[in-house]
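**Q** Contents of upload_37.cif (mmCIF, C-alpha atoms) are given next:
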```
data_target
#
loop_
_atom_site.group_PDB
_atom_site.id
_atom_site.type_symbol
_atom_site.label_atom_id
_atom_site.label_comp_id
_atom_site.auth_asym_id
_atom_site.auth_seq_id
_atom_site.Cartn_x
_atom_site.Cartn_y
_atom_site.Cartn_z
ATOM 1 C CA MET A 1 73.123 46.187 104.649
ATOM 2 C CA LYS A 2 69.785 47.090 103.072
ATOM 3 C CA ASN A 3 68.294 47.802 106.525
ATOM 4 C CA LEU A 4 71.272 50.010 107.423
ATOM 5 C CA PHE A 5 70.777 52.028 104.239
ATOM 6 C CA VAL A 6 67.042 52.502 104.914
ATOM 7 C CA LEU A 7 67.754 53.470 108.527
ATOM 8 C CA SER A 8 70.420 55.972 107.420
ATOM 9 C CA LEU A 9 68.085 57.493 104.814
ATOM 10 C CA PHE A 10 65.265 57.804 107.362
ATOM 11 C CA THR A 11 67.610 59.432 109.888
ATOM 12 C CA LEU A 12 68.833 61.925 107.282
ATOM 13 C CA LEU A 13 65.293 62.898 106.250
ATOM 14 C CA ALA A 14 64.036 63.113 109.829
ATOM 15 C CA SER A 15 66.904 65.386 110.867
ATOM 16 C CA CYS A 16 66.299 68.044 108.184
ATOM 17 C CA ASN A 17 65.008 71.323 109.603
ATOM 18 C CA ASP A 18 63.263 74.041 107.648
ATOM 19 C CA GLY A 19 64.064 76.596 110.365
ATOM 20 C CA ASP A 20 60.364 76.915 111.215
ATOM 21 C CA LEU A 21 60.013 79.549 108.490
ATOM 22 C CA GLN A 22 56.314 80.456 108.357
ATOM 23 C CA ILE A 23 56.639 82.824 105.419
ATOM 24 C CA GLU A 24 57.921 81.265 102.230
ATOM 25 C CA THR A 25 56.671 83.687 99.578
ATOM 26 C CA ILE A 26 55.238 87.167 99.386
ATOM 27 C CA ASP A 27 52.877 87.412 96.426
ATOM 28 C CA PHE A 28 50.513 90.370 96.104
ATOM 29 C CA ASP A 29 50.581 90.990 92.336
ATOM 30 C CA SER A 30 46.972 89.872 91.837
ATOM 31 C CA GLU A 31 45.658 91.950 94.762
ATOM 32 C CA ASP A 32 44.255 95.473 94.380
ATOM 33 C CA ILE A 33 45.835 98.453 96.097
ATOM 34 C CA GLU A 34 43.730 99.901 98.937
ATOM 35 C CA TYR A 35 43.785 102.993 101.143
ATOM 36 C CA CYS A 36 41.546 104.497 103.794
ATOM 37 C CA ASP A 37 40.920 108.074 102.675
ATOM 38 C CA ASP A 38 41.441 109.844 99.383
ATOM 39 C CA VAL A 39 45.110 110.002 98.499
ATOM 40 C CA SER A 40 46.289 113.600 98.789
ATOM 41 C CA VAL A 41 49.363 115.376 97.545
ATOM 42 C CA GLY A 42 51.642 116.782 100.239
ATOM 43 C CA GLU A 43 50.602 114.245 102.885
ATOM 44 C CA SER A 44 52.170 111.009 104.035
ATOM 45 C CA THR A 45 50.232 108.199 102.384
ATOM 46 C CA VAL A 46 49.511 104.676 103.646
ATOM 47 C CA LEU A 47 48.677 102.167 100.915
ATOM 48 C CA PHE A 48 48.121 98.468 101.452
ATOM 49 C CA LYS A 49 47.339 95.206 99.705
ATOM 50 C CA ILE A 50 45.536 92.355 101.429
ATOM 51 C CA ASN A 51 45.743 88.667 100.548
ATOM 52 C CA ASP A 52 43.505 86.751 103.011
ATOM 53 C CA ASP A 53 45.586 86.655 106.223
ATOM 54 C CA GLU A 54 48.514 88.668 104.839
ATOM 55 C CA ALA A 55 49.026 92.364 104.176
ATOM 56 C CA LEU A 56 51.685 94.414 102.443
ATOM 57 C CA ILE A 57 51.773 97.994 103.744
ATOM 58 C CA LEU A 58 53.536 100.853 101.948
ATOM 59 C CA VAL A 59 54.036 104.225 103.640
ATOM 60 C CA LEU A 60 55.050 107.014 101.266
ATOM 61 C CA PRO A 61 56.503 110.301 102.520
ATOM 62 C CA ASP A 62 54.603 113.534 101.935
ATOM 63 C CA ASP A 63 56.744 114.724 99.026
ATOM 64 C CA VAL A 64 56.670 111.866 96.471
ATOM 65 C CA LEU A 65 53.136 112.165 95.070
ATOM 66 C CA LYS A 66 52.723 115.396 93.144
ATOM 67 C CA ASN A 67 50.017 116.781 90.916
ATOM 68 C CA GLU A 68 52.392 117.143 88.010
ATOM 69 C CA VAL A 69 53.472 114.852 85.227
ATOM 70 C CA SER A 70 56.809 113.249 86.047
ATOM 71 C CA GLU A 71 59.469 113.799 83.413
ATOM 72 C CA THR A 72 61.473 110.954 84.953
ATOM 73 C CA THR A 73 60.648 108.182 87.390
ATOM 74 C CA ILE A 74 60.455 109.420 90.983
ATOM 75 C CA THR A 75 62.424 107.129 93.287
ATOM 76 C CA SER A 76 61.924 106.772 97.020
ATOM 77 C CA GLU A 77 64.328 104.470 98.850
ATOM 78 C CA VAL A 78 62.865 101.938 101.280
ATOM 79 C CA ASN A 79 63.924 102.553 104.905
ATOM 80 C CA ASP A 80 65.276 105.997 104.015
ATOM 81 C CA GLU A 81 62.087 107.686 102.857
ATOM 82 C CA SER A 82 59.414 105.036 102.284
ATOM 83 C CA PHE A 83 58.584 102.039 104.438
ATOM 84 C CA LEU A 84 57.333 98.645 103.302
ATOM 85 C CA THR A 85 56.022 96.135 105.844
ATOM 86 C CA TYR A 86 54.715 92.598 105.467
ATOM 87 C CA ARG A 87 52.288 91.310 108.101
ATOM 88 C CA LEU A 88 50.962 87.816 108.670
ATOM 89 C CA PHE A 89 47.736 87.688 110.722
ATOM 90 C CA SER A 90 46.053 84.985 112.798
ATOM 91 C CA ASP A 91 42.987 85.122 110.500
ATOM 92 C CA ASP A 92 41.744 86.873 107.363
ATOM 93 C CA VAL A 93 41.972 90.654 107.497
ATOM 94 C CA ASP A 94 40.115 93.383 105.616
ATOM 95 C CA SER A 95 40.485 97.125 105.093
ATOM 96 C CA ASP A 96 38.524 97.863 108.285
ATOM 97 C CA TYR A 97 41.548 96.634 110.213
ATOM 98 C CA PHE A 98 43.647 99.486 108.788
ATOM 99 C CA CYS A 99 40.958 102.156 108.504
ATOM 100 C CA SER A 100 39.252 102.024 111.908
ATOM 101 C CA GLU A 101 39.845 104.943 114.276
ATOM 102 C CA ILE A 102 40.266 102.438 117.093
ATOM 103 C CA PRO A 103 42.347 99.499 115.813
ATOM 104 C CA GLU A 104 40.578 96.154 115.889
ATOM 105 C CA ALA A 105 41.803 93.611 118.437
ATOM 106 C CA THR A 106 41.480 90.685 116.059
ATOM 107 C CA PRO A 107 42.949 89.289 113.998
ATOM 108 C CA SER A 108 46.277 89.548 115.743
ATOM 109 C CA VAL A 109 49.645 89.993 114.035
ATOM 110 C CA ILE A 110 51.601 86.728 113.997
ATOM 111 C CA ASP A 111 54.656 88.066 112.189
ATOM 112 C CA GLU A 112 55.795 91.450 110.891
ATOM 113 C CA ILE A 113 58.770 92.012 108.632
ATOM 114 C CA GLU A 114 59.993 95.387 107.409
ATOM 115 C CA ALA A 115 61.777 95.558 104.074
ATOM 116 C CA GLU A 116 65.497 96.095 104.552
ATOM 117 C CA SER A 117 66.150 97.760 101.211
ATOM 118 C CA GLY A 118 64.796 98.450 97.745
ATOM 119 C CA SER A 119 63.148 101.255 95.833
ATOM 120 C CA VAL A 120 59.649 102.584 95.277
ATOM 121 C CA LEU A 121 59.300 103.914 91.727
ATOM 122 C CA ILE A 122 56.506 106.324 90.795
ATOM 123 C CA ASN A 123 55.470 107.553 87.354
ATOM 124 C CA THR A 124 52.777 110.218 87.141
ATOM 125 C CA THR A 125 50.580 110.976 84.129
ATOM 126 C CA THR A 126 47.477 113.090 83.465
ATOM 127 C CA GLU A 127 44.892 113.448 80.745
ATOM 128 C CA ASP A 128 43.146 116.623 81.886
ATOM 129 C CA SER A 129 45.535 118.509 84.234
ATOM 130 C CA ILE A 130 43.074 117.921 87.096
ATOM 131 C CA THR A 131 43.348 114.184 87.783
ATOM 132 C CA PHE A 132 46.795 112.631 88.080
ATOM 133 C CA THR A 133 47.514 108.903 87.898
ATOM 134 C CA HIS A 134 50.465 107.587 89.908
ATOM 135 C CA THR A 135 51.753 104.143 88.916
ATOM 136 C CA ILE A 136 53.754 102.604 91.760
ATOM 137 C CA THR A 137 56.232 99.773 91.278
ATOM 138 C CA LEU A 138 58.701 98.175 93.658
ATOM 139 C CA SER A 139 62.265 97.303 92.730
ATOM 140 C CA GLU A 140 64.867 95.099 94.406
ATOM 141 C CA ILE A 141 62.871 94.805 97.632
ATOM 142 C CA SER A 142 64.644 92.679 100.221
ATOM 143 C CA PHE A 143 62.880 91.190 103.230
ATOM 144 C CA ILE A 144 64.966 89.503 105.902
ATOM 145 C CA THR A 145 63.168 87.669 108.708
ATOM 146 C CA SER A 146 64.082 87.839 112.383
ATOM 147 C CA ASP A 147 66.114 84.638 112.032
ATOM 148 C CA ASP A 148 68.109 86.166 109.122
ATOM 149 C CA SER A 149 66.297 84.162 106.440
ATOM 150 C CA ARG A 150 65.823 85.923 103.122
ATOM 151 C CA ILE A 151 62.492 85.524 101.371
ATOM 152 C CA THR A 152 63.405 84.458 97.859
ATOM 153 C CA ASP A 153 60.129 84.348 95.902
ATOM 154 C CA LEU A 154 59.211 88.018 95.858
ATOM 155 C CA SER A 155 56.385 88.726 93.403
ATOM 156 C CA ILE A 156 55.489 92.319 94.255
ATOM 157 C CA ASN A 157 56.970 94.383 91.438
ATOM 158 C CA ASP A 158 53.690 96.050 90.383
ATOM 159 C CA PHE A 159 52.228 97.626 93.520
ATOM 160 C CA GLY A 160 49.362 99.496 91.874
ATOM 161 C CA THR A 161 47.912 102.792 90.748
ATOM 162 C CA VAL A 162 46.376 105.654 92.730
ATOM 163 C CA THR A 163 44.915 108.955 91.600
ATOM 164 C CA THR A 164 45.040 112.442 93.027
ATOM 165 C CA THR A 165 43.179 115.569 91.966
ATOM 166 C CA VAL A 166 43.918 119.246 91.961
ATOM 167 C CA GLU A 167 41.828 120.915 94.652
#
```
When written as structure tokens, how does the structure in this file appear?

**A**
Amino acid sequence: MKNLFVLSLFTLLASCNDGDLQIETIDFDSEDIEYCDDVSVGESTVLFKINDDEALILVLPDDVLKNEVSETTITSEVNDESFLTYRLFSDDVDSDYFCSEIPEATPSVIDEIEAESGSVLINTTTEDSITFTHTITLSEISFITSDDSRITDLSINDFGTVTTTVE
């Protein structure tokens, strides 16, 4: 009887399948926000955060960053106006990967997941009417993998801060 129990327990544990999910968490809170050129008002903006072999890429439309203090929080909906993409690479990646005129061949992208929904929230302040600080946060972001798995540990609420100047 004891052997049957051990055999049954082993069979149960051996048959469990994690669905081959490579991505279990997305955590970029401790990473700094990066971008290739100066952030400009009136232009589409690509911002990214890198964590070794992972990157979180945010594309803002040309009308959300403004050189004016925001009276209320500016909201841009993901997949309607803004786009948020998670990429897993074959090796560590740096800003050169995103900023080169000719994209680098390595590291290669192993997995790419676009956010299905959520909001990008922007608050803008200034101290001198020339330089404006835009604080970007993410809210209710939902990533769903190609096999319909939802990523549950999503620690990316504070995306970062960028500045623009009046030209």

**Q** Considering all atoms listed in the file, can you say which of A:Glu116, A:Asp62, A:Asp158, A:Asp27 comes closest to Ser44 in chain A?

**A**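 Smallest distance to Ser44 in chain A is found for A:Asp62.
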
**Q** Choose the residue, out of A:Val109, A:Val162, A:Val120, A:Ile151, that has the smallest atom-to-atom separation from Ile26 in chain A; count all atoms listed in the file.

**A**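 Once distances to Ile26 in chain A are computed over all atoms listed in the file, the minimum belongs to A:Ile151.
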
**Q** Name the residues that the PyMOL selection byres ((chain A and resi 66-71) around 10) picks from the file above, as a list in words, using the file's chain letters and numbers.

**A**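 This file gives the following for the PyMOL selection byres ((chain A and resi 66-71) around 10): Ser40, Val41, Gly42, Asp62, Asp63, Val64, Leu65, Thr72, Thr73, Ile74, Ile122, Asn123, Thr124, Thr125, Thr126, Glu127, Ser129, Ile130, Thr131, Phe132, Thr133, His134, Thr163, Thr164, Thr165, Val166 and Glu167 of chain A.
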
**Q** Pick from A:Leu60, A:Ile141, A:Ile110, A:Val46: nearest to Phe89 in chain A, with all atoms listed in the file counted?

**A**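 Ranking A:Leu60, A:Ile141, A:Ile110, A:Val46 by distance to Phe89 in chain A, first place goes to A:Ile110.
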
**Q** Written as a ChimeraX atom specification, which residues does the PyMOL selection byres ((chain A and resi 59) around 7) give for the file shown?

**A** /A:45-47,57-58,60-61,82-84

**Q** Using all atoms listed in the file, which residue out of A:Leu138, A:Leu121, A:Leu88, A:Ile113 lies closest to Asp29 in chain A?

**A**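 Under the stated criterion, the closest residue is A:Leu138.
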